[in-house]
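**Q** Provided herewith: data_25.txt, compact mmCIF, C-alpha atoms.
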```
# COMPACT_ATOMS: atom_id res chain seq x y z
CA MET A 1 -73.09 43.48 -101.03
CA LYS A 2 -70.86 40.59 -102.03
CA GLU A 3 -71.61 36.96 -101.32
CA ILE A 4 -69.91 35.00 -98.53
CA ASN A 5 -68.75 31.37 -98.66
CA TYR A 6 -69.28 30.48 -94.99
CA LYS A 7 -67.47 27.14 -95.37
CA LYS A 8 -64.27 28.98 -96.29
CA LEU A 9 -64.12 31.31 -93.28
CA ASN A 10 -61.27 31.31 -90.77
CA ILE A 11 -60.28 33.49 -87.85
CA PHE A 12 -56.63 34.38 -87.33
CA SER A 13 -54.66 36.19 -84.65
CA LEU A 14 -53.25 39.36 -86.16
CA LYS A 15 -50.42 39.27 -83.61
CA THR A 16 -49.44 35.77 -84.80
CA LEU A 17 -49.62 36.83 -88.45
CA LYS A 18 -47.39 39.83 -87.67
CA ASN A 19 -44.85 37.64 -85.86
CA GLN A 20 -44.84 35.18 -88.78
CA LYS A 21 -44.37 38.07 -91.21
CA SER A 22 -47.43 36.81 -93.07
CA PRO A 23 -48.59 38.77 -96.14
CA LEU A 24 -52.06 38.53 -94.61
CA TYR A 25 -50.91 40.87 -91.81
CA ASN A 26 -49.92 43.53 -94.37
CA GLN A 27 -53.11 42.99 -96.35
CA THR A 28 -55.16 43.47 -93.17
CA MET A 29 -53.30 46.63 -92.22
CA ASP A 30 -53.74 48.00 -95.77
CA TRP A 31 -57.50 47.38 -95.53
CA ILE A 32 -57.63 49.07 -92.12
CA LYS A 33 -55.67 52.09 -93.39
CA SER A 34 -58.12 52.41 -96.31
CA MET A 35 -61.11 52.86 -93.98
CA LYS A 36 -62.97 56.13 -94.28
CA GLU A 37 -64.86 57.69 -91.40
CA LYS A 38 -68.06 58.35 -93.39
CA LYS A 39 -68.25 54.93 -95.06
CA ASP A 40 -66.72 52.67 -92.42
CA GLY A 41 -67.20 54.52 -89.14
CA GLU A 42 -63.41 54.45 -88.65
CA ASN A 43 -60.54 56.68 -89.58
CA GLY A 44 -58.14 54.17 -91.12
CA ASN A 45 -54.93 55.89 -90.00
CA GLU A 46 -56.12 56.29 -86.41
CA PHE A 47 -57.49 52.74 -86.33
CA SER A 48 -54.25 51.22 -87.68
CA LYS A 49 -52.25 53.05 -84.97
CA TRP A 50 -54.71 51.80 -82.34
CA ILE A 51 -54.33 48.21 -83.62
CA LYS A 52 -50.51 48.40 -83.66
CA THR A 53 -50.44 49.74 -80.09
CA ASN A 54 -52.76 47.00 -78.87
CA LEU A 55 -50.72 44.27 -80.58
CA ASN A 56 -47.84 45.15 -78.24
CA ASN A 57 -49.88 44.06 -75.19
CA ASN A 58 -49.47 40.60 -73.70
CA PRO A 59 -52.06 37.81 -74.08
CA PRO A 60 -55.00 37.54 -74.02
CA PHE A 61 -54.92 40.89 -75.80
CA ASP A 62 -54.97 40.53 -79.57
CA THR A 63 -56.82 41.51 -82.71
CA TYR A 64 -58.59 38.76 -84.60
CA ILE A 65 -59.44 38.87 -88.27
CA LEU A 66 -62.17 37.04 -90.10
CA VAL A 67 -60.91 35.82 -93.47
CA GLN A 68 -62.49 34.03 -96.44
CA ASN A 69 -60.37 31.66 -98.54
CA ASN A 70 -57.40 32.53 -96.30
CA ASN A 71 -56.80 35.72 -98.27
CA LEU A 72 -59.87 38.01 -98.17
CA VAL A 73 -60.09 40.01 -94.92
CA LEU A 74 -63.73 40.52 -93.94
CA GLY A 75 -63.56 41.92 -90.43
CA THR A 76 -61.74 42.59 -87.18
CA ALA A 77 -62.39 42.37 -83.44
CA SER A 78 -59.96 43.07 -80.61
CA ILE A 79 -59.58 42.05 -77.00
CA ILE A 80 -57.75 44.90 -75.33
CA SER A 81 -56.65 45.99 -71.88
CA THR A 82 -58.47 49.30 -72.12
CA ASN A 83 -60.38 50.98 -74.91
CA GLN A 84 -59.30 54.60 -75.35
CA CYS A 85 -58.56 54.60 -71.57
CA VAL A 86 -62.29 54.34 -70.97
CA GLY A 87 -62.02 51.92 -68.04
CA LYS A 88 -59.94 54.45 -66.13
CA GLN A 89 -62.26 57.32 -67.07
CA ILE A 90 -65.42 55.65 -65.79
CA ASN A 91 -63.69 53.59 -63.08
CA ILE A 92 -64.71 50.07 -64.08
CA GLU A 93 -62.51 46.99 -64.02
CA GLY A 94 -62.09 44.44 -66.74
CA ILE A 95 -60.87 43.93 -70.26
CA TRP A 96 -62.43 45.41 -73.37
CA LEU A 97 -63.86 44.37 -76.68
CA GLY A 98 -63.13 46.95 -79.36
CA GLY A 99 -62.31 47.48 -83.00
CA VAL A 100 -65.21 45.38 -84.24
CA ASN A 101 -65.48 46.20 -87.93
CA ILE A 102 -66.84 44.40 -90.96
CA HIS A 103 -65.69 45.30 -94.47
CA ARG A 104 -68.34 47.59 -95.96
CA ASP A 105 -68.91 45.24 -98.93
CA TYR A 106 -69.79 42.31 -96.65
CA ARG A 107 -72.01 43.83 -93.95
CA ASN A 108 -75.41 42.51 -92.87
CA GLN A 109 -74.50 38.88 -93.52
CA GLY A 110 -73.86 37.72 -89.95
CA LEU A 111 -70.08 38.19 -89.97
CA GLY A 112 -70.14 40.38 -86.87
CA ASN A 113 -71.94 37.54 -85.09
CA ILE A 114 -69.17 35.12 -86.09
CA LEU A 115 -66.48 37.41 -84.68
CA ILE A 116 -68.39 38.17 -81.47
CA ASP A 117 -69.11 34.46 -80.91
CA PHE A 118 -65.39 33.75 -81.34
CA ILE A 119 -64.43 36.41 -78.78
CA ASP A 120 -67.21 35.31 -76.40
CA ASN A 121 -66.06 31.68 -76.57
CA SER A 122 -62.37 32.65 -76.23
CA ILE A 123 -62.96 34.62 -73.03
CA ASN A 124 -65.17 31.85 -71.64
CA LEU A 125 -62.42 29.26 -72.28
CA LEU A 126 -59.80 31.59 -70.80
CA ALA A 127 -61.84 31.98 -67.60
CA LYS A 128 -62.15 28.21 -67.24
CA LYS A 129 -58.49 27.53 -68.07
CA ASN A 130 -57.15 30.17 -65.65
CA LYS A 131 -59.85 29.51 -63.04
CA LYS A 132 -60.46 33.23 -62.94
CA ILE A 133 -63.39 35.57 -63.43
CA TYR A 134 -63.07 37.91 -66.41
CA THR A 135 -65.21 40.93 -67.10
CA LEU A 136 -65.47 41.96 -70.74
CA ASN A 137 -66.63 45.53 -71.35
CA LEU A 138 -67.51 47.42 -74.51
CA PHE A 139 -69.18 50.59 -75.64
CA SER A 140 -71.37 51.15 -78.66
CA LYS A 141 -73.95 53.43 -80.19
CA ASN A 142 -74.82 51.06 -83.05
CA PRO A 143 -78.29 49.49 -82.50
CA ILE A 144 -77.40 46.41 -84.59
CA ALA A 145 -74.23 45.81 -82.58
CA ILE A 146 -76.04 46.44 -79.29
CA SER A 147 -78.61 43.81 -80.24
CA MET A 148 -75.79 41.31 -80.92
CA TYR A 149 -74.24 42.01 -77.51
CA GLU A 150 -77.53 41.78 -75.64
CA LYS A 151 -78.25 38.38 -77.27
CA ARG A 152 -74.95 37.20 -75.76
CA LYS A 153 -76.00 38.40 -72.31
CA PHE A 154 -73.97 41.60 -72.17
CA THR A 155 -75.67 43.92 -69.71
CA LYS A 156 -76.04 47.65 -70.15
CA LEU A 157 -74.39 49.50 -67.29
CA LYS A 158 -77.03 51.98 -66.20
CA ASN A 159 -76.23 55.66 -66.40
CA LEU A 160 -72.79 55.02 -67.89
CA PHE A 161 -72.08 56.59 -71.23
CA ILE A 162 -68.89 57.22 -73.14
CA ASN A 163 -68.49 60.19 -75.43
CA HIS A 164 -66.42 58.77 -78.28
CA LYS A 165 -66.00 60.52 -81.63
CA ASN A 166 -68.63 63.05 -80.56
CA HIS A 167 -71.25 60.32 -80.06
CA LYS A 168 -72.89 59.16 -76.86
CA ASN A 169 -72.13 55.43 -76.50
CA GLU A 170 -73.72 53.01 -74.07
CA VAL A 171 -71.46 50.80 -71.94
CA TYR A 172 -72.05 47.03 -71.69
CA SER A 173 -70.40 44.35 -69.60
CA LYS A 174 -70.36 40.56 -69.23
CA LYS A 175 -68.78 38.34 -66.55
CA TYR A 176 -67.16 35.04 -67.46
CA LYS A 177 -66.81 32.64 -64.54
CA ASN A 178 -64.43 29.75 -64.11
```
Kindly present the structure from the file in structure tokens form.
**A**
Amino acid sequence: MKEINYKKLNIFSLKTLKNQKSPLYNQTMDWIKSMKEKKDGENGNEFSKWIKTNLNNNPPFDTYILVQNNNLVLGTASIISTNQCVGKQINIEGIWLGGVNIHRDYRNQGLGNILIDFIDNSINLLAKKNKKIYTLNLFSKNPIAISMYEKRKFTKLKNLFINHKNHKNEVYSKKYKN
């Protein structure tokens, strides 16, 4: 595990970096493509295609990256319209949180919390700005991630499970009011 300089962390919109033709966009996509299912829980090629597809959606949908020193990509989190078409499959409304990943060399240092807090705050501000109620959904099987979501008042939807990558995932949801 490598050390983090928390004072040098920033969060960037991957969509903005792509539009600006920033080298940080390419660096992020290279990191994503390098992910291995066994080590990272993601297939890099599939995940990069998923990211690229989601970047074509209109705001508020975007992928955010957590970066140290403005050049070291540490993690990702995405706000998306639907995650693997899950909303349609289980018939629930709302937007989705997905693609939450921390670089394997920097896990267990609170970086997931930083990304989730950013997303949580962003959706809260969006609800107030647009005077609209937003529902943010997610699914997970990871007990550490589930604990993070529950601390932020995401509620487990009873008897709703998603089979994703041959794993039974619990579904969580949170309402943001204007």
**Q** May I have the residues at most 12 Å from (-63.2, 31.2, -73.3) in the file's coordinates, counting all atoms listed in the file, as number ranges by chain?
**A** A: 60, 116-136, 175-178
**Q** Could you tell me, as a ChimeraX atom specification, which residues have any atom at most 8 Å from (-52.9, 38.7, -85.6), counting all atoms listed in the file?
**A** /A:12-18,25,55,62-65
**Q** For Asn108 in chain A, which of A:Ile92, A:Thr155, A:Glu3, A:Val73 is the closest residue, counting only C-alpha atoms?
**A**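 Answer, going by the shortest atom-to-atom distance: A:Glu3.
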**Q** For Ser34 in chain A, which residue among A:Val171, A:Asn113, A:Arg104, A:Lys8 is the nearest when counting all atoms listed in the file?
**A**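 Among the listed residues, A:Arg104 lies closest to Ser34 in chain A.
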**Q** I'd like the contact shell of Asn57 in chain A - 12 Å cut-off, only C-alpha atoms, skipping same-chain residues fewer than 5 positions apart - returned as a list in words.
**A**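 The residues satisfying every condition are Lys15, Trp50, Ile51, Lys52, Asp62, Thr63, Ser78, Ile79, Ile80, Ser81 and Thr82 of chain A.
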**Q** If I only have part of range 135-151 of chain A, can you fill in N, CA and C atoms and write it as a short mmCIF file (atom, residue, chain, number, x, y, z; two decimals), in the frame of the given file?
**A**
```cif
data_model
loop_
_atom_site.label_atom_id
_atom_site.label_comp_id
_atom_site.auth_asym_id
_atom_site.auth_seq_id
_atom_site.Cartn_x
_atom_site.Cartn_y
_atom_site.Cartn_z
N THR A 135 -64.14 40.03 -66.72
CA THR A 135 -65.21 40.93 -67.10
C THR A 135 -64.81 41.56 -68.43
N LEU A 136 -65.69 41.38 -69.42
CA LEU A 136 -65.47 41.96 -70.74
C LEU A 136 -66.43 43.13 -70.91
N ASN A 137 -65.86 44.30 -71.18
CA ASN A 137 -66.63 45.53 -71.35
C ASN A 137 -66.56 45.99 -72.80
N LEU A 138 -67.51 46.81 -73.18
CA LEU A 138 -67.51 47.42 -74.51
C LEU A 138 -68.39 48.65 -74.47
N PHE A 139 -68.24 49.48 -75.47
CA PHE A 139 -69.18 50.59 -75.64
C PHE A 139 -69.59 50.66 -77.10
N SER A 140 -70.84 51.08 -77.30
CA SER A 140 -71.37 51.15 -78.66
C SER A 140 -72.55 52.10 -78.72
N LYS A 141 -72.76 52.64 -79.90
CA LYS A 141 -73.95 53.43 -80.19
C LYS A 141 -74.77 52.78 -81.30
N ASN A 142 -74.22 51.73 -81.90
CA ASN A 142 -74.82 51.06 -83.05
C ASN A 142 -75.92 50.10 -82.59
N PRO A 143 -77.19 50.35 -82.95
CA PRO A 143 -78.29 49.49 -82.50
C PRO A 143 -78.16 48.03 -82.94
N ILE A 144 -77.60 47.79 -84.11
CA ILE A 144 -77.40 46.41 -84.59
C ILE A 144 -76.37 45.71 -83.72
N ALA A 145 -75.26 46.39 -83.44
CA ALA A 145 -74.23 45.81 -82.58
C ALA A 145 -74.76 45.60 -81.16
N ILE A 146 -75.49 46.56 -80.64
CA ILE A 146 -76.04 46.44 -79.29
C ILE A 146 -76.95 45.22 -79.20
N SER A 147 -77.75 44.99 -80.21
CA SER A 147 -78.61 43.81 -80.24
C SER A 147 -77.79 42.52 -80.19
N MET A 148 -76.68 42.48 -80.94
CA MET A 148 -75.79 41.31 -80.92
C MET A 148 -75.24 41.07 -79.52
N TYR A 149 -74.82 42.14 -78.85
CA TYR A 149 -74.24 42.01 -77.51
C TYR A 149 -75.29 41.56 -76.50
N GLU A 150 -76.47 42.15 -76.59
CA GLU A 150 -77.53 41.78 -75.64
C GLU A 150 -77.94 40.31 -75.82
N LYS A 151 -77.94 39.80 -77.04
CA LYS A 151 -78.25 38.38 -77.27
C LYS A 151 -77.22 37.47 -76.61
#
```
